[in-house]
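Below is the file model24.txt, which contains compact mmCIF, C-alpha atoms and all ligand atoms.
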```txt
# COMPACT_ATOMS: atom_id res chain seq x y z
CA MET W 618 85.87 50.00 101.01
CA CYS W 619 89.57 49.23 101.20
CA SER W 620 90.32 50.94 97.88
CA ARG W 621 88.23 53.95 98.97
CA ARG W 622 90.39 54.19 102.10
CA ARG W 623 93.56 53.96 99.99
CA TRP W 624 92.23 56.66 97.67
CA LEU W 625 91.45 58.93 100.63
CA ALA W 626 94.92 58.31 102.07
CA ALA W 627 96.51 59.20 98.71
CA LEU W 628 94.52 62.40 98.65
CA THR W 629 95.73 63.52 102.05
CA THR W 630 99.33 62.28 101.87
CA PRO W 631 101.67 65.00 100.60
CA LEU W 632 104.10 64.17 97.82
CA TRP W 633 106.81 65.56 100.12
CA PRO W 634 106.16 65.25 103.83
CA CYS W 635 105.76 68.58 105.59
CA PRO W 636 108.39 69.51 108.22
CA ALA W 637 107.87 67.28 111.27
CA ALA W 638 107.44 70.18 113.69
CA PRO W 639 104.51 72.58 113.19
CA ALA W 640 105.15 76.28 112.55
CA ARG W 641 106.06 78.03 115.78
CA PRO W 642 105.21 81.59 116.86
CA LEU W 643 107.82 84.32 116.35
CA ALA W 644 108.97 85.64 119.75
CA TYR W 645 110.43 89.08 120.45
CA LEU W 646 113.64 87.33 121.57
CA ASP W 647 113.98 85.80 118.08
CA LEU W 648 114.82 89.28 116.70
CA PRO W 649 118.58 89.81 116.32
CA ALA W 650 120.12 92.61 118.44
CA SER W 651 120.84 94.52 115.20
CA ALA W 652 117.06 94.88 114.63
CA GLY W 653 116.33 96.32 118.10
CA SER W 654 116.20 100.00 117.15
CA ILE W 655 113.94 99.40 114.11
CA ALA W 656 111.68 97.26 116.29
CA ARG W 657 111.41 100.13 118.78
CA ASP W 658 110.70 102.64 115.98
CA LEU W 659 107.86 100.37 114.89
CA GLY W 660 106.46 100.27 118.43
CA LEU W 661 107.61 96.71 119.09
CA SER W 662 109.10 95.86 122.49
CA PRO W 663 108.96 92.88 124.87
CA SER W 664 105.96 94.48 126.60
CA SER W 665 104.01 95.43 123.42
CA TRP W 666 104.77 92.10 121.69
CA PRO W 667 101.75 90.09 122.98
CA SER W 668 99.32 92.82 121.92
CA TYR W 669 100.99 93.09 118.50
CA ILE W 670 100.60 89.32 117.95
CA ALA W 671 96.99 89.40 119.19
CA SER W 672 96.10 92.30 116.87
CA GLN W 673 97.79 90.57 113.91
CA ASN W 674 95.80 87.39 114.60
CA ALA W 675 92.54 89.32 114.88
CA THR W 676 93.20 91.36 111.72
CA LEU W 677 94.14 88.26 109.75
CA ALA W 678 90.98 86.42 110.83
CA THR W 679 88.84 89.42 109.78
CA ARG W 680 90.62 89.70 106.42
CA ILE W 681 90.27 85.96 105.73
CA THR W 682 86.50 86.19 106.35
CA ALA W 683 86.24 89.30 104.16
CA GLY W 684 88.20 87.55 101.36
CA THR W 685 85.88 84.56 101.65
CA ALA W 686 82.85 86.84 101.35
CA GLU W 687 84.35 88.42 98.19
CA ALA W 688 85.18 85.05 96.57
CA ILE W 689 81.66 83.71 97.23
CA THR W 690 80.06 86.89 95.88
CA TYR W 691 82.14 86.82 92.66
CA TYR W 692 81.17 83.18 92.10
CA ALA W 693 77.49 83.50 93.06
CA LEU W 694 77.08 86.43 90.66
CA GLN W 695 78.91 84.99 87.66
CA SER W 696 79.05 81.19 87.61
CA SER W 697 76.84 79.22 85.22
CA ARG W 698 77.47 75.97 87.12
CA PHE W 699 74.36 76.19 89.31
CA THR W 700 71.91 78.44 87.40
CA LEU W 701 70.72 79.51 83.96
CA LEU W 702 70.32 83.11 85.15
CA PRO W 703 72.57 85.50 83.20
CA PRO W 704 75.89 86.31 84.90
CA LEU W 705 76.19 89.66 86.68
CA GLU W 706 79.62 91.25 86.61
CA PRO W 707 80.58 92.60 90.06
CA LEU W 708 82.63 95.48 88.64
CA ALA W 709 79.73 96.55 86.41
CA LEU W 710 77.39 96.47 89.44
CA ALA W 711 79.87 98.66 91.33
CA ARG W 712 79.96 101.12 88.43
CA ARG W 713 76.15 101.27 88.54
CA ALA W 714 76.33 101.79 92.34
CA ILE W 715 74.11 98.79 93.12
CA LEU W 716 75.58 98.42 96.58
CA SER W 717 72.72 96.36 98.08
CA PRO W 718 71.18 93.33 96.35
CA ASP W 719 68.50 94.25 93.78
CA ALA W 720 66.03 91.66 92.41
CA ALA W 721 68.50 90.24 89.84
CA VAL W 722 71.25 89.89 92.46
CA GLU W 723 68.85 88.33 94.97
CA ALA W 724 67.79 85.73 92.39
CA ARG W 725 71.42 84.71 91.85
CA LEU W 726 72.17 84.57 95.58
CA ALA W 727 69.08 82.38 96.05
CA ALA W 728 70.20 80.09 93.20
CA PHE W 729 73.61 79.70 94.84
CA THR W 730 71.96 78.89 98.20
CA ALA W 731 69.81 76.25 96.49
CA SER W 732 72.95 74.64 95.04
CA LEU W 733 74.82 74.25 98.34
CA SER W 734 73.98 70.55 98.72
CA GLN W 735 74.70 69.70 95.08
CA SER W 736 77.83 68.08 93.73
CA LEU W 737 78.94 70.36 90.88
CA GLY W 738 82.71 69.91 90.61
CA THR W 739 85.83 70.88 92.57
CA ARG W 740 85.46 74.67 92.27
CA HIS W 741 81.86 74.58 93.45
CA ALA W 742 82.82 72.24 96.31
CA LEU W 743 85.60 74.60 97.46
CA LEU W 744 83.15 77.53 97.43
CA VAL W 745 80.51 75.56 99.32
CA ASP W 746 83.18 74.74 101.94
CA LEU W 747 84.13 78.41 102.16
CA HIS W 748 80.46 79.27 102.62
CA ARG W 749 80.23 76.76 105.49
CA GLN W 750 83.13 78.48 107.24
CA LEU W 751 81.51 81.94 107.23
CA PRO W 752 80.38 83.21 110.64
CA PRO W 753 76.54 83.23 110.93
CA SER W 754 76.40 87.04 110.71
CA TRP W 755 77.73 86.84 107.12
CA SER W 756 74.60 86.14 105.08
CA LEU W 757 75.02 86.12 101.29
CA ALA W 758 73.45 89.61 101.22
CA ALA W 759 76.07 90.76 103.74
CA CYS W 760 78.83 89.21 101.59
CA TYR W 761 77.43 91.10 98.58
CA ARG W 762 77.25 94.44 100.42
CA HIS W 763 80.82 94.05 101.72
CA THR W 764 82.19 93.13 98.28
CA LEU W 765 80.41 95.92 96.41
CA HIS W 766 81.53 98.43 99.03
CA PHE W 767 85.17 97.40 98.45
CA LEU W 768 84.84 97.51 94.64
CA SER W 769 83.16 100.88 94.72
CA GLU W 770 85.85 102.26 97.04
CA ARG W 771 88.45 100.85 94.65
CA LEU W 772 86.71 102.55 91.68
CA ASN W 773 85.87 105.89 93.25
CA GLN W 774 88.24 106.80 96.01
CA ALA W 775 91.67 105.29 95.61
CA LYS W 776 93.56 107.37 93.08
CA GLU W 777 97.06 107.63 94.54
CA GLN W 778 99.29 104.54 94.74
CA SER W 779 99.69 105.05 98.51
CA GLU W 780 95.87 105.11 98.94
CA LEU W 781 95.61 101.96 96.82
CA ASP W 782 98.29 100.20 98.87
CA ALA W 783 96.47 101.14 102.09
CA LEU W 784 93.15 99.90 100.66
CA TYR W 785 94.69 96.55 99.68
CA GLN W 786 96.42 96.21 103.06
CA ARG W 787 93.05 96.30 104.85
CA ARG W 788 90.84 94.60 102.24
CA GLY W 789 89.78 90.95 102.29
CA LEU W 790 92.63 88.51 101.79
CA SER W 791 92.34 87.15 98.26
CA SER W 792 93.97 84.10 96.69
CA ASP W 793 94.08 85.77 93.21
CA THR W 794 96.94 84.66 91.03
CA ALA W 795 97.86 84.85 87.34
CA THR W 796 100.11 82.98 84.93
CA ALA W 797 101.81 86.28 84.03
CA ASN W 798 103.14 86.44 87.62
CA THR W 799 105.48 83.52 86.89
CA ALA W 800 107.65 85.89 84.80
CA THR W 801 109.03 87.10 88.12
CA LEU W 802 110.26 83.58 88.90
CA ASP W 803 111.86 83.21 85.46
CA ALA W 804 113.66 86.54 85.86
CA THR W 805 114.98 85.42 89.27
CA TRP W 806 116.39 82.09 88.16
CA PRO W 807 119.69 83.28 86.58
CA HIS W 808 120.54 84.88 89.95
CA LEU W 809 120.19 81.67 91.97
CA PRO W 810 122.62 78.75 92.34
CA PRO W 811 121.71 75.47 90.58
CA THR W 812 121.63 73.39 93.78
CA LEU W 813 118.56 74.20 95.86
CA ARG W 814 117.42 71.25 97.97
CA ASN W 815 114.51 72.74 99.94
CA ALA W 816 112.22 75.50 98.76
CA LEU W 817 109.28 77.28 100.37
CA LEU W 818 106.53 79.05 98.43
CA ILE W 819 104.61 81.52 100.57
CA GLY W 820 101.10 82.36 99.34
CA PRO W 821 100.82 80.28 96.14
CA GLY W 822 97.23 81.49 95.68
CA LEU W 823 94.55 79.75 93.60
CA ASP W 824 92.68 81.03 90.55
CA LEU W 825 89.26 80.31 92.11
CA THR W 826 87.08 83.32 91.21
CA ARG W 827 87.48 86.74 89.59
CA ARG W 828 85.76 90.07 89.96
CA GLU W 829 85.22 90.29 86.19
CA LYS W 830 85.16 87.97 83.16
CA PHE W 831 84.92 84.85 85.32
CA SER W 832 84.52 81.56 83.45
CA ASP W 833 83.69 78.16 84.96
CA ASP W 834 85.85 76.66 82.21
CA ALA W 835 89.05 78.32 83.46
CA PRO W 836 91.01 75.52 85.15
CA LEU W 837 91.68 75.78 88.88
CA ALA W 838 95.30 76.84 88.68
CA GLN W 839 98.32 77.56 90.85
CA PRO W 840 100.72 78.82 88.16
CA GLN W 841 103.52 79.64 90.60
CA VAL W 842 103.52 76.09 92.00
CA ASP W 843 103.72 74.57 88.50
CA ARG W 844 106.46 76.94 87.34
CA LEU W 845 108.53 76.55 90.52
CA LEU W 846 108.35 72.75 90.31
CA ALA W 847 109.56 72.91 86.70
CA LEU W 848 112.40 75.29 87.58
CA LEU W 849 113.46 73.37 90.70
CA GLY W 850 113.47 69.90 89.08
CA PRO W 851 112.48 66.56 90.60
CA ASN W 852 115.05 66.41 93.39
CA THR W 853 114.04 69.54 95.24
CA ARG W 854 111.36 69.49 97.88
CA LEU W 855 108.76 72.25 97.63
CA ASP W 856 106.70 73.20 100.69
CA CYS W 857 103.83 75.66 100.33
CA LEU W 858 102.52 77.92 103.08
CA ASP W 859 99.26 79.83 103.13
CA VAL W 860 96.46 81.06 105.34
CA ARG W 861 93.46 80.81 102.98
CA PRO W 862 91.45 77.61 103.52
CA GLU W 863 90.73 76.92 99.84
CA VAL W 864 94.42 77.29 98.92
CA LEU W 865 95.42 74.82 101.65
CA ALA W 866 92.61 72.42 100.65
CA PHE W 867 93.63 72.49 96.99
CA LEU W 868 97.32 71.93 97.83
CA ARG W 869 96.39 68.90 99.94
CA GLN W 870 94.17 67.53 97.17
CA SER W 871 97.20 67.90 94.87
CA LYS W 872 99.30 65.97 97.42
CA ARG W 873 101.57 68.90 98.19
CA CYS W 874 102.97 69.82 101.56
CA ALA W 875 100.62 72.59 102.74
CA ILE W 876 101.71 74.49 105.85
CA ALA W 877 98.89 76.47 107.48
CA ALA W 878 100.69 79.48 108.95
CA ASP W 879 100.74 83.27 108.98
CA ILE W 880 104.16 84.34 107.70
CA THR W 881 103.95 87.62 109.62
CA THR W 882 103.89 85.87 113.03
CA GLN W 883 104.94 82.24 112.54
CA ILE W 884 108.18 80.49 111.64
CA PRO W 885 107.43 77.49 109.40
CA ALA W 886 110.74 75.70 110.17
CA VAL W 887 114.13 76.83 111.49
CA ALA W 888 117.18 77.05 109.13
CA THR W 889 115.49 74.69 106.65
CA TYR W 890 115.12 76.37 103.26
CA ASP W 891 117.62 77.25 100.53
CA LEU W 892 114.97 79.39 98.83
CA ALA W 893 111.79 81.15 99.94
CA VAL W 894 109.50 82.89 97.40
CA ALA W 895 106.86 85.40 98.52
CA THR W 896 105.60 87.43 95.56
CA ASN W 897 102.37 89.41 95.89
CA VAL W 898 102.23 88.55 99.59
CA LEU W 899 104.53 90.99 101.41
CA VAL W 900 103.17 93.90 99.33
CA TYR W 901 99.91 93.56 101.33
CA CYS W 902 101.72 93.95 104.68
CA ASP W 903 102.04 97.25 106.53
CA ASP W 904 105.57 98.20 107.62
CA ARG W 905 105.34 96.48 111.00
CA SER W 906 104.10 93.17 109.63
CA LEU W 907 106.61 93.38 106.75
CA PHE W 908 109.33 93.61 109.43
CA THR W 909 108.05 90.58 111.37
CA ALA W 910 107.46 88.59 108.15
CA LEU W 911 111.08 89.20 107.11
CA ALA W 912 112.17 88.12 110.61
CA CYS W 913 110.22 84.83 110.26
CA LEU W 914 111.68 84.26 106.80
CA ALA W 915 115.26 85.01 107.89
CA ILE W 916 114.95 82.36 110.63
CA SER W 917 113.45 79.83 108.18
CA LEU W 918 116.34 80.12 105.70
CA LYS W 919 119.58 78.19 105.88
CA PRO W 920 122.84 80.17 105.94
CA SER W 921 123.35 81.42 102.35
CA GLY W 922 119.63 80.81 101.60
CA TYR W 923 117.71 83.21 99.34
CA LEU W 924 114.43 85.09 99.71
CA VAL W 925 112.68 86.37 96.57
CA HIS W 926 109.76 88.84 96.62
CA ASN W 927 108.45 91.80 94.64
CA ASP W 928 107.98 94.47 97.31
CA SER W 929 109.89 97.54 96.16
CA ARG W 930 109.56 99.46 99.43
CA PHE W 931 112.79 100.89 100.81
CA ALA W 932 111.67 99.41 104.14
CA ALA W 933 112.29 95.89 102.77
CA LYS W 934 115.94 96.81 102.18
CA LEU W 935 116.31 98.53 105.55
CA PHE W 936 114.61 95.74 107.51
CA GLY W 937 116.48 93.02 105.59
CA LYS W 938 119.82 94.54 106.55
CA ALA W 939 118.85 94.77 110.24
CA LEU W 940 117.51 91.20 110.25
CA ASP W 941 120.64 89.67 108.77
CA LEU W 942 118.96 89.17 105.40
CA PRO W 943 120.39 91.90 103.16
CA VAL W 944 119.14 92.65 99.63
CA VAL W 945 121.63 91.40 97.04
CA HIS W 946 119.69 92.11 93.84
CA PHE W 947 116.87 94.40 92.71
CA ALA W 948 115.58 94.66 89.14
CA PRO W 949 112.45 95.53 87.15
CA VAL W 950 110.64 92.71 85.30
CA SER W 951 108.14 92.89 82.43
CA LEU W 952 105.01 90.77 82.88
CA GLY W 953 104.02 91.30 79.24
CA GLY W 954 101.24 93.46 77.76
CA ARG W 955 97.68 93.85 79.06
CA HIS W 956 95.20 96.07 77.16
CA ALA W 957 98.23 97.18 75.07
CA VAL W 958 100.01 98.49 78.20
CA GLU W 959 103.20 96.82 79.40
CA GLN W 960 102.79 95.51 82.96
CA MET W 961 105.89 95.88 85.11
CA ASP W 962 106.90 94.05 88.27
CA ARG W 963 110.23 93.86 90.09
CA ILE W 964 112.35 91.22 91.77
CA VAL W 965 113.98 91.76 95.13
CA ILE W 966 116.47 89.07 96.22
CA HIS W 967 117.79 88.84 99.78
CA ARG W 968 120.48 86.41 100.93
CA ARG W 969 121.44 85.11 104.36
CA PRO W 970 125.15 85.45 105.08
CA VAL W 971 127.08 82.22 104.49
CA GLY W 972 127.89 81.56 108.15
CA PRO W 973 127.04 82.97 111.57
CA LYS W 974 128.26 86.53 112.22
C1 LIG D 1001 97.41 87.74 95.89
S1 LIG D 1001 97.74 86.06 96.23
C2 LIG D 1001 99.28 85.90 95.33
C3 LIG D 1001 99.45 84.54 94.68
C4 LIG D 1001 100.82 84.29 94.07
N1 LIG D 1001 101.89 84.41 95.03
C5 LIG D 1001 101.08 85.17 92.89
O1 LIG D 1001 102.01 85.99 92.93
O2 LIG D 1001 100.36 85.05 91.89
C6 LIG D 1001 98.31 86.16 97.92
C7 LIG D 1001 98.45 84.80 98.56
O3 LIG D 1001 99.18 84.95 99.78
C8 LIG D 1001 98.45 84.39 100.87
N2 LIG D 1001 98.78 85.19 102.07
C9 LIG D 1001 98.49 86.50 102.27
N3 LIG D 1001 98.94 86.90 103.47
C10 LIG D 1001 99.53 85.82 104.05
C11 LIG D 1001 100.19 85.61 105.30
N4 LIG D 1001 100.30 86.59 106.21
N5 LIG D 1001 100.69 84.38 105.56
C12 LIG D 1001 100.57 83.37 104.65
N6 LIG D 1001 99.96 83.53 103.45
C13 LIG D 1001 99.44 84.73 103.14
C14 LIG D 1001 96.99 84.52 100.42
O4 LIG D 1001 96.14 83.62 101.11
C15 LIG D 1001 97.11 84.19 98.94
O5 LIG D 1001 97.13 82.81 98.68
```
Go ahead and express the file in the form of C-alpha cells.
Ligand SMILES: C[S@@+](CC[C@H](N)C(=O)[O-])C[C@H]1O[C@@H](n2cnc3c(N)ncnc32)[C@H](O)[C@@H]1O
Amino acid sequence: MCSRRRWLAALTTPLWPCPAAPARPLAYLDLPASAGSIARDLGLSPSSWPSYIASQNATLATRITAGTAEAITYYALQSSRFTLLPPLEPLALARRAILSPDAAVEARLAAFTASLSQSLGTRHALLVDLHRQLPPSWSLAACYRHTLHFLSERLNQAKEQSELDALYQRRGLSSDTATANTATLDATWPHLPPTLRNALLIGPGLDLTRREKFSDDAPLAQPQVDRLLALLGPNTRLDCLDVRPEVLAFLRQSKRCAIAADITTQIPAVATYDLAVATNVLVYCDDRSLFTALACLAISLKPSGYLVHNDSRFAAKLFGKALDLPVVHFAPVSLGGRHAVEQMDRIVIHRRPVGPK
C-alpha cells in the first residue's frame, strides 16, 4: 500500500515544480499604452473586454470538445487495440462521402464502446478518459458526423490558403504534432544566447491519433518536449502549458510541470521566462486572439527574454512592436521532404527590450 502511494506521488510530482501562483487572467489594464490604438482597431476596450474574454472561453470550450470528438473518431475507426474489425481510414470515408455512420462504421463504434471498461494501454486509457469528458449530447455517432463533416469540408471546399486558415481557426482543437516540427527549434537555436534558465513550451501537443495511417505501434510522443530538453540541457527548467486534457495528463504522467491555461487570455507567470516557444499554436488564432496571446506572452517573459513561433502574419510583427515585444529575426526553415515535396516552415523570433522603457 505504502509503495503504491509512493508510486502515485511520483506520477503526479513534476520533475520541476510549476510556478507557485496559478495562471492569472489577462486584464485590459495589462496592455501597454502603446497597444491602445491596435486594441481599439480590434474592437477591444475596457467595456468590451469582459465579453471578449467570455466569448474566447466559450469558443475554446467548444473547440476542445470538437477536437476530442475528432480524436476519438480517428481512434475508434482505425485502432486494432480493441477489435479485429478492419481499420477504416477517416480520410477515405470522407472521399466516399460517408458522412453518417454506415454498418461498418457502426460496428467499429460499437466495438470501441464495448472496450471502454478494458485496460488496453496508455493510449487507450487516454482516449477512454477523453470519452468520459464528452458532454452527453456527443454520442459516438455525433462525434463521427462532426469529424467527417470537417474532413469533407477540408477536402472539398477549402482551396485558398485564407479559407484553410479560417477553417483551422474554427475547427476542433487538435494535439497533432510531428517529429519534423522540431527542425524549427534547431533552426532557432543559433539565434539564442547559451544561458536560458527558465523556458516555457506552449502547446507541446501529443501524437495520440491521426486522420490517416494510424498505427497503435507508434509511440505516444511529444517530440518538441524531447528536443527542447536536449537543447536546453539539464540545468534549465522547462514548463509546459496546454489546454487539451490528454496533453496535460500525459505531461503529468511524465512528471513535467503542466500548466493548464489558455495562452490567449491567461498569463502563466509574470516576468519569469527567458524563452517561450509557441509553434503551430498562434497560427490557429484569429487576429484578436493573436494580439491577446502576444500580450500574455510579453508579460510572462523576463526583460531580454525571447519568444519563438512560426506565424508569418504581418500582424504578429505589428502587434509585437505595440506590445513591447518586437520581432528581431524572421527566416524560412525546411522541414524536409514529404511525398517528394519539400515542406517549408518559418521561424519568427521576438525579444523583450533589456530593461524597462
Ligand atoms: C497542433 S498542436 C502543435 C504541437 C506542437 N507545438 C508542434 O508544433 O508540433 C497545438 C497544441 O497547442 C495547444 N493549444 C492550442 N491553442 C491553445 C491555447 N489557446 N492555449 C494553450 N494551448 C493551446 C493544443 O492543445 C495542442 O497541444
Tell me, counting only C-alpha atoms and all ligand atoms, for each residue of chain W within 9 Å of ligand LIG 1001 (chain D), which pair of atoms is nearest and how far apart they are in Å to one decimal, in rows ordered by chain and increasing number, as JSON lines.
```
{"residue": "W:Leu677", "atom": "CA", "partner": "D:LIG1001", "partner_atom": "N4", "distance": 7.3}
{"residue": "W:Ile681", "atom": "CA", "partner": "D:LIG1001", "partner_atom": "O4", "distance": 7.8}
{"residue": "W:Gly684", "atom": "CA", "partner": "D:LIG1001", "partner_atom": "O4", "distance": 8.9}
{"residue": "W:Leu790", "atom": "CA", "partner": "D:LIG1001", "partner_atom": "O4", "distance": 6.1}
{"residue": "W:Ser791", "atom": "CA", "partner": "D:LIG1001", "partner_atom": "C1", "distance": 5.6}
{"residue": "W:Ser792", "atom": "CA", "partner": "D:LIG1001", "partner_atom": "C15", "distance": 3.9}
{"residue": "W:Asp793", "atom": "CA", "partner": "D:LIG1001", "partner_atom": "C1", "distance": 4.7}
{"residue": "W:Thr794", "atom": "CA", "partner": "D:LIG1001", "partner_atom": "O2", "distance": 3.5}
{"residue": "W:Ala795", "atom": "CA", "partner": "D:LIG1001", "partner_atom": "O2", "distance": 5.2}
{"residue": "W:Thr796", "atom": "CA", "partner": "D:LIG1001", "partner_atom": "O2", "distance": 7.3}
{"residue": "W:Ala797", "atom": "CA", "partner": "D:LIG1001", "partner_atom": "O2", "distance": 8.1}
{"residue": "W:Asn798", "atom": "CA", "partner": "D:LIG1001", "partner_atom": "O2", "distance": 5.3}
{"residue": "W:Thr799", "atom": "CA", "partner": "D:LIG1001", "partner_atom": "O2", "distance": 7.3}
{"residue": "W:Thr801", "atom": "CA", "partner": "D:LIG1001", "partner_atom": "O1", "distance": 8.6}
{"residue": "W:Leu818", "atom": "CA", "partner": "D:LIG1001", "partner_atom": "N1", "distance": 7.9}
{"residue": "W:Ile819", "atom": "CA", "partner": "D:LIG1001", "partner_atom": "N6", "distance": 5.8}
{"residue": "W:Gly820", "atom": "CA", "partner": "D:LIG1001", "partner_atom": "O3", "distance": 3.3}
{"residue": "W:Pro821", "atom": "CA", "partner": "D:LIG1001", "partner_atom": "N1", "distance": 4.4}
{"residue": "W:Gly822", "atom": "CA", "partner": "D:LIG1001", "partner_atom": "O5", "distance": 3.3}
{"residue": "W:Leu823", "atom": "CA", "partner": "D:LIG1001", "partner_atom": "O5", "distance": 6.5}
{"residue": "W:Asp824", "atom": "CA", "partner": "D:LIG1001", "partner_atom": "C3", "distance": 8.7}
{"residue": "W:Gln839", "atom": "CA", "partner": "D:LIG1001", "partner_atom": "O2", "distance": 7.8}
{"residue": "W:Pro840", "atom": "CA", "partner": "D:LIG1001", "partner_atom": "O2", "distance": 7.3}
{"residue": "W:Gln841", "atom": "CA", "partner": "D:LIG1001", "partner_atom": "O2", "distance": 6.4}
{"residue": "W:Val842", "atom": "CA", "partner": "D:LIG1001", "partner_atom": "C4", "distance": 8.9}
{"residue": "W:Leu858", "atom": "CA", "partner": "D:LIG1001", "partner_atom": "C12", "distance": 6.0}
{"residue": "W:Asp859", "atom": "CA", "partner": "D:LIG1001", "partner_atom": "N6", "distance": 3.8}
{"residue": "W:Val860", "atom": "CA", "partner": "D:LIG1001", "partner_atom": "N6", "distance": 4.7}
{"residue": "W:Arg861", "atom": "CA", "partner": "D:LIG1001", "partner_atom": "O4", "distance": 4.3}
{"residue": "W:Pro862", "atom": "CA", "partner": "D:LIG1001", "partner_atom": "O4", "distance": 8.0}
{"residue": "W:Glu863", "atom": "CA", "partner": "D:LIG1001", "partner_atom": "O4", "distance": 8.7}
{"residue": "W:Val864", "atom": "CA", "partner": "D:LIG1001", "partner_atom": "O5", "distance": 6.2}
{"residue": "W:Leu865", "atom": "CA", "partner": "D:LIG1001", "partner_atom": "O5", "distance": 8.7}
{"residue": "W:Ala877", "atom": "CA", "partner": "D:LIG1001", "partner_atom": "C12", "distance": 7.6}
{"residue": "W:Ala878", "atom": "CA", "partner": "D:LIG1001", "partner_atom": "C12", "distance": 5.8}
{"residue": "W:Asp879", "atom": "CA", "partner": "D:LIG1001", "partner_atom": "N5", "distance": 3.6}
{"residue": "W:Ile880", "atom": "CA", "partner": "D:LIG1001", "partner_atom": "N5", "distance": 4.1}
{"residue": "W:Thr881", "atom": "CA", "partner": "D:LIG1001", "partner_atom": "N4", "distance": 5.1}
{"residue": "W:Thr882", "atom": "CA", "partner": "D:LIG1001", "partner_atom": "N4", "distance": 7.7}
{"residue": "W:Gln883", "atom": "CA", "partner": "D:LIG1001", "partner_atom": "N5", "distance": 8.4}
{"residue": "W:Val894", "atom": "CA", "partner": "D:LIG1001", "partner_atom": "N1", "distance": 8.1}
{"residue": "W:Ala895", "atom": "CA", "partner": "D:LIG1001", "partner_atom": "N1", "distance": 6.2}
{"residue": "W:Thr896", "atom": "CA", "partner": "D:LIG1001", "partner_atom": "O1", "distance": 4.7}
{"residue": "W:Asn897", "atom": "CA", "partner": "D:LIG1001", "partner_atom": "O1", "distance": 4.5}
{"residue": "W:Val898", "atom": "CA", "partner": "D:LIG1001", "partner_atom": "O3", "distance": 4.7}
{"residue": "W:Leu899", "atom": "CA", "partner": "D:LIG1001", "partner_atom": "N3", "distance": 7.2}
{"residue": "W:Tyr901", "atom": "CA", "partner": "D:LIG1001", "partner_atom": "N3", "distance": 7.1}
{"residue": "W:Cys902", "atom": "CA", "partner": "D:LIG1001", "partner_atom": "N4", "distance": 7.7}
{"residue": "W:Ser906", "atom": "CA", "partner": "D:LIG1001", "partner_atom": "N4", "distance": 8.3}
{"residue": "W:Ala910", "atom": "CA", "partner": "D:LIG1001", "partner_atom": "N4", "distance": 7.7}
{"residue": "W:Asn927", "atom": "CA", "partner": "D:LIG1001", "partner_atom": "O1", "distance": 8.8}
```
Can you pull out every residue within 8 Å of stretch 701-707 of chain W, counting all atoms listed in the file, but drop anything in the same chain fewer than 5 positions away, and send it as a list in words? Tyr691, Leu694, Gln695, Ser696, Val722, Arg725, Leu765, Leu768, Arg828, Glu829 and Lys830 of chain W
For W:Leu708, which of W:Phe936, W:Phe767, W:Tyr890, W:Trp755 is the closest residue, counting all atoms listed in the file? W:Phe767
Residues at most 10 Å from W:Ala948, counting all atoms listed in the file, excluding those fewer than 2 positions away in the same chain, as a PyMOL selection string? chain W and resi 804-805+927+929+946+950+962-966
Here is a test: counting all atoms listed in the file, which residue of W:Arg968, W:Arg771, W:Arg641, W:Arg698 is nearest to W:His808?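 Ranking W:Arg968, W:Arg771, W:Arg641, W:Arg698 by distance to W:His808, first place goes to W:Arg968.
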Residue nearest W:Arg788 among W:Thr685, W:Ala866, W:Asp834, W:Asp746 (counting only C-alpha atoms):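 Closest to W:Arg788 of all the choices is W:Thr685.
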Nearest to W:Cys874, restricted to all atoms listed in the file and choosing among W:Pro634, W:Pro943, W:Pro752, W:Gly972, comes out as W:Pro634
Could you please determine the separation between atom CA of W:Arg814 and atom CA of W:Leu892 in Å, to one decimal place?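 Rounded to one decimal, the two atoms are 8.5 Å apart.
For the pair atom CA of W:Ala688 and atom CA of W:Thr826, the separation is 5.9 Å.
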Tell me, in Å to one decimal, how far atom CA of W:Pro636 is from atom CA of W:Thr889.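 Atom CA of W:Thr889 lies 8.9 Å from atom CA of W:Pro636.
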Smallest atom-to-atom distance to W:Leu952: which of W:Arg749, W:Pro836, W:Arg869, W:Ala800, using only C-alpha atoms?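 Among the listed residues, W:Ala800 lies closest to W:Leu952.
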Using all atoms listed in the file, which of the listed residues (W:Ala671, W:Ala838, W:Leu643, W:Ala650) sits closest to W:Cys913?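 Going through W:Ala671, W:Ala838, W:Leu643, W:Ala650 one by one, the smallest distance to W:Cys913 is for W:Leu643.
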